[in-house]
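A.B. asks: Please find one structure pasted underneath; my questions will follow.
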There are 2 protein chains.
Amino acid sequence: MSNERIEEYLETILYITKKNHGPARTSQIAEELKLSAPSVTEMVQKLSESEYIEYTPYYGVTLTEKGCTEALRIKRRHQLLETFLVDVLGADPVIAHKEACEMEHSISESTIEKMCAFMGHPDICPDGNPIGQGECCPTGPPGASYRDYVPLSELKEGEQGTIKVISLTSEIKDRLSSIGLIPDQDVRVKRKLGKGTLSITTMGTEVAVGNDIARKIMVQSRGV
Amino acid sequence: MSNERIEEYLETILYITKKNHGPARTSQIAEELKLSAPSVTEMVQKLSESEYIEYTPYYGVTLTEKGCTEALRIKRRHQLLETFLVDVLGADPVIAHKEACEMEHSISESTIEKMCAFMGHPDICPDGNPIGQGECCPTGPPGASYRDYVPLSELKEGEQGTIKVISLTSEIKDRLSSIGLIPDQDVRVKRKLGKGTLSITTMGTEVAVGNDIARKIMVQSRGV
DNA sequence: CTATATATTTAGGCAACCCTAAATTAATGC
DNA sequence: GCATTAATTTAGGGTTGCCTAAATATATAG
Ligand SMILES: [Fe+2]
Ligand SMILES: [Fe+2]
Ligand SMILES: [Fe+2]
Ligand SMILES: [Fe+2]
């Protein structure tokens with residue numbers, strides 16, 4: 001089997017078994033990969049001769065320890081590529097997902113880690129799912145999870161927080177950096193103006209930010 | 001034929017016809033793609049039924065107008081990906097070439113243009129070959145080329161320039177933004193200290209930058 | 001517990017791409 | 001110009017990964 005096909009099956013089986021909390025049925029794999037059921041049965045039979053999956057006829061497919069490790073590696077490649085395409089290049093999320101799902105088979109482990117470092121070891125994919133840590137990632141305490149972050153636009157007057165993630169095109173992000181709005185920067189909402197516009201203070205200076213942008217800046221709140 | 005295979009043949013035929021200043025022999029294509037000669041003959045016969053190539057038995061293959069346009073598009077995708085992997089992520093040039101040659105079939109035109117813009121529309125690939133202009137590139141007077149950029153560490157005392165590309169992790173870039181070191185910012189080298197450390201002025205303030213970082217900040221010099 | 005409906009596998013086949021060995025064409029040296 | 005050599009194509013075959021139709025196993029409903 002080609003490496004690309006193996007990877008695509010493993011990725012799909014991981015996704016379905018997690019959703020099922022149980023084995024992946026061949027029909028589910030077929031639907032996900034848009035293939036006929038017999039094609040999946042055939043591939044799954046071959047794959048079970050490798051050490052990646054466990055297959056019981058008329059029952060379903062589960063990943064072995066080895067298969068799970070491999071599937072997680074592929075998923076990570078996919079998510080980091082998708083994050084790069086969407087958050088750094090500003091590509092359309094739907095196109096980015098499809099492209100990431102193809103490029104994930106071409107990019108090496110060493111290159112994906114460089115890309116991870118380049119993006120500051122992100123821990124959340126624009127599709128909303130968490131990204132697992134890799135060899136390159138700081139292994140220390142994983143800090144506050146993305147779940148705890150809140151859009152800047154949600155802060156109340158007087159509330160303070162630390163900018164954590166900015167999901168905007170790099171052009172806009174560059175403009176924001178130039179006025180001090182960058183990750184790990186502390187900000188305070190001074191006043192909320194009309195139409196969702198915020199007046200915030202950062203590094204002593206005061207700037208106004210529109211609602212569109214404020215909704216894309218995730219902060220970790222520290223209260224008033 | 002699969003799109004990927006077509007693209008790989010077109011890319012190769014473009015390369016060889018340019019080198020030959022004449023048609024590409026099947027044996028040359030076979031050598032370049034590491035295939036047997038009969039396999040290439042077969043594919044080339046099929047391809048000539050499309051409108052991409054002109055094939056004369058026992059003579060060779062040339063690209064049609066349409067095929068040439070398509071081949072140039074693929075080459076551009078390849079070069080921009082390779083430039084990104086090497087110049088931005090710092091990947092090994094040999095690995096980067098191989099990965100770019102696979103990813104080029106997955107990335108869309110719209111995404112590659114975003115990547116081109118992200119890198120400031122580079123016109124030279126790390127492999128040394130020029131990169132053709134795309135839709136996204138400024139068609140006017142082609143400004144300073146990437147070639148003309150020089151590491152900040154190379155500027156002499158008193159020399160001024162504009163920051164163009166910063167090839168560092170986003171963590172370090174974030175720190176740099178907070179002190180005003182961002183693309184399109186003007187800087188001046190005030191004094192060179194020991195060990196390659198620079199004292200530079202930017203936006204009126206004065207900061208010191210170590211040699212490691214200064215070597216990764218490309219600037220367009222404007223002299224003293 | 002059976003009859004029917006659904007899910008899954010088996011059987012048989014096909015297209016894309018690649019291969020080696022043999023035949024053919026073109027080039028080269030007297 | 002003809003024999004030898006080299007390049008190229010044709011013939012015949014193999015693998016992979018997919019398909020549809022038929023057979024079989026499992027689930028569901030009276
Ligand atoms: Fe994928
Ligand atoms: Fe990382
Ligand atoms: Fe390629
Ligand atoms: Fe461009």
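Within each chain, counting starts at residue 1; across the structure tokens, chains are named A, B, ... in the order shown, with ligands numbered 1 upward in that order.
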Chain A residues within 8 Å of chain D, counting only C-alpha atoms (C1' of nucleotides): which ones, as a VMD selection string?

C.D. replies: chain A and resid 1 36 39 58

A.B. asks: Would you kindly report the residues of chain B within 10 Å of chain A, using only C-alpha atoms, as a PyMOL selection string?

C.D. replies: chain B and resi 85-86+88-92+95-96+98-108+110-118+167-183+185

A.B. asks: Compile the residues of chain C that lie within 12 Å of chain A, evaluated using only C-alpha atoms (C1' of nucleotides), and express the compilation as a list in words.

C.D. replies: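 Therefore, the residues near the partner are DT6, DA7, DT8, DT9, DT10 and DA11 of chain C.
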
A.B. asks: Write the residues you've just listed into a file as an mmCIF file, in the first residue's frame, and include N, CA and C atoms (P, O5', C5', C4', C3', O3' and C1' of nucleotides) for each of them.

C.D. replies:
data_model
loop_
_atom_site.group_PDB
_atom_site.id
_atom_site.type_symbol
_atom_site.label_atom_id
_atom_site.label_comp_id
_atom_site.auth_asym_id
_atom_site.auth_seq_id
_atom_site.Cartn_x
_atom_site.Cartn_y
_atom_site.Cartn_z
ATOM 1 P P DT C 6 -34.008 -1.482 5.453
ATOM 2 O "O5'" DT C 6 -32.565 -1.820 6.033
ATOM 3 C "C5'" DT C 6 -32.380 -1.903 7.446
ATOM 4 C "C4'" DT C 6 -30.957 -2.343 7.725
ATOM 5 C "C3'" DT C 6 -29.898 -1.580 6.919
ATOM 6 O "O3'" DT C 6 -28.935 -1.133 7.843
ATOM 7 C "C1'" DT C 6 -29.542 -3.909 6.754
ATOM 8 P P DA C 7 -27.714 -0.224 7.392
ATOM 9 O "O5'" DA C 7 -26.470 -1.187 7.677
ATOM 10 C "C5'" DA C 7 -26.471 -1.969 8.860
ATOM 11 C "C4'" DA C 7 -25.272 -2.902 8.826
ATOM 12 C "C3'" DA C 7 -24.005 -2.288 8.241
ATOM 13 O "O3'" DA C 7 -22.942 -2.660 9.107
ATOM 14 C "C1'" DA C 7 -24.590 -4.254 7.025
ATOM 15 P P DT C 8 -21.438 -2.274 8.815
ATOM 16 O "O5'" DT C 8 -20.887 -3.523 8.006
ATOM 17 C "C5'" DT C 8 -20.833 -4.793 8.659
ATOM 18 C "C4'" DT C 8 -20.337 -5.833 7.685
ATOM 19 C "C3'" DT C 8 -19.033 -5.468 6.975
ATOM 20 O "O3'" DT C 8 -18.016 -6.295 7.506
ATOM 21 C "C1'" DT C 8 -20.623 -6.482 5.508
ATOM 22 P P DT C 9 -16.548 -6.335 6.879
ATOM 23 O "O5'" DT C 9 -16.669 -7.518 5.813
ATOM 24 C "C5'" DT C 9 -17.055 -8.815 6.269
ATOM 25 C "C4'" DT C 9 -17.201 -9.751 5.082
ATOM 26 C "C3'" DT C 9 -15.936 -9.929 4.245
ATOM 27 O "O3'" DT C 9 -15.720 -11.311 4.060
ATOM 28 C "C1'" DT C 9 -17.768 -9.380 2.860
ATOM 29 P P DT C 10 -14.367 -11.822 3.335
ATOM 30 O "O5'" DT C 10 -14.885 -12.421 1.936
ATOM 31 C "C5'" DT C 10 -16.111 -13.137 1.876
ATOM 32 C "C4'" DT C 10 -16.429 -13.505 0.426
ATOM 33 C "C3'" DT C 10 -15.232 -13.779 -0.483
ATOM 34 O "O3'" DT C 10 -15.570 -14.889 -1.303
ATOM 35 C "C1'" DT C 10 -16.548 -12.074 -1.417
ATOM 36 P P DA C 11 -14.546 -15.537 -2.340
ATOM 37 O "O5'" DA C 11 -15.076 -15.075 -3.776
ATOM 38 C "C5'" DA C 11 -16.462 -14.767 -3.964
ATOM 39 C "C4'" DA C 11 -16.722 -14.441 -5.429
ATOM 40 C "C3'" DA C 11 -15.566 -14.707 -6.384
ATOM 41 O "O3'" DA C 11 -16.105 -15.103 -7.631
ATOM 42 C "C1'" DA C 11 -16.051 -12.395 -6.382
#

A.B. asks: Which neighbours of Ile131 in chain A fall inside 10 Å, counting only C-alpha atoms (C1' of nucleotides), when residues of the same chain fewer than 4 positions from it are skipped, and could you give them as JSON, numbers by chain?

C.D. replies: {"A": [72, 75, 76, 77, 78, 79, 80, 83, 121, 122, 123, 124, 125]}

A.B. asks: Quick one: superpose chain B on chain A on all Cα atoms, same order, and give the RMSD.

C.D. replies: 2.7 Å

A.B. asks: Among range 40-211 of chain B, which residues carry a DSSP assignment of strand (DSSP E), reported as JSON, numbers by chain?

C.D. replies: {"B": [53, 54, 55, 56, 60, 61, 62, 63, 150, 151, 160, 161, 162, 163, 164, 165, 166, 186, 187, 188, 189, 190, 191, 192, 198, 199, 200, 201, 202, 205, 206, 207, 208, 209]}

A.B. asks: Go through range 3-102 of chain A and collect every residue that DSSP, computed from the backbone, puts in alpha helix (DSSP H); the answer should be as a PyMOL selection string.

C.D. replies: chain A and resi 3-20+26-33+37-47+65-83+93-102

A.B. asks: Any idea what the distance is between CA of Glu65 in chain A and CA of Gln133 in chain A?

C.D. replies: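 Answer for the CA of Glu65 in chain A to CA of Gln133 in chain A separation: 17.8 Å.
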
A.B. asks: Just how far from CA of Gly161 in chain A is CA of Val224 in chain A, in Å to one decimal?

C.D. replies: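 Interatomic distance here is 8.9 Å.
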
A.B. asks: Have a look at B:Glu206, B:Glu31, B:Glu82, B:Glu157 and name the one nearest to ligand 3; count only C-alpha atoms and all ligand atoms.

C.D. replies: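 Among B:Glu206, B:Glu31, B:Glu82, B:Glu157, it is B:Glu82 that comes nearest to ligand 3.
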
A.B. asks: Mind giving me the straight-line distance from CA of Ile6 in chain B to C1' of DC19 in chain C in Å, one decimal?

C.D. replies: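 C1' of DC19 in chain C lies 19.6 Å from CA of Ile6 in chain B.
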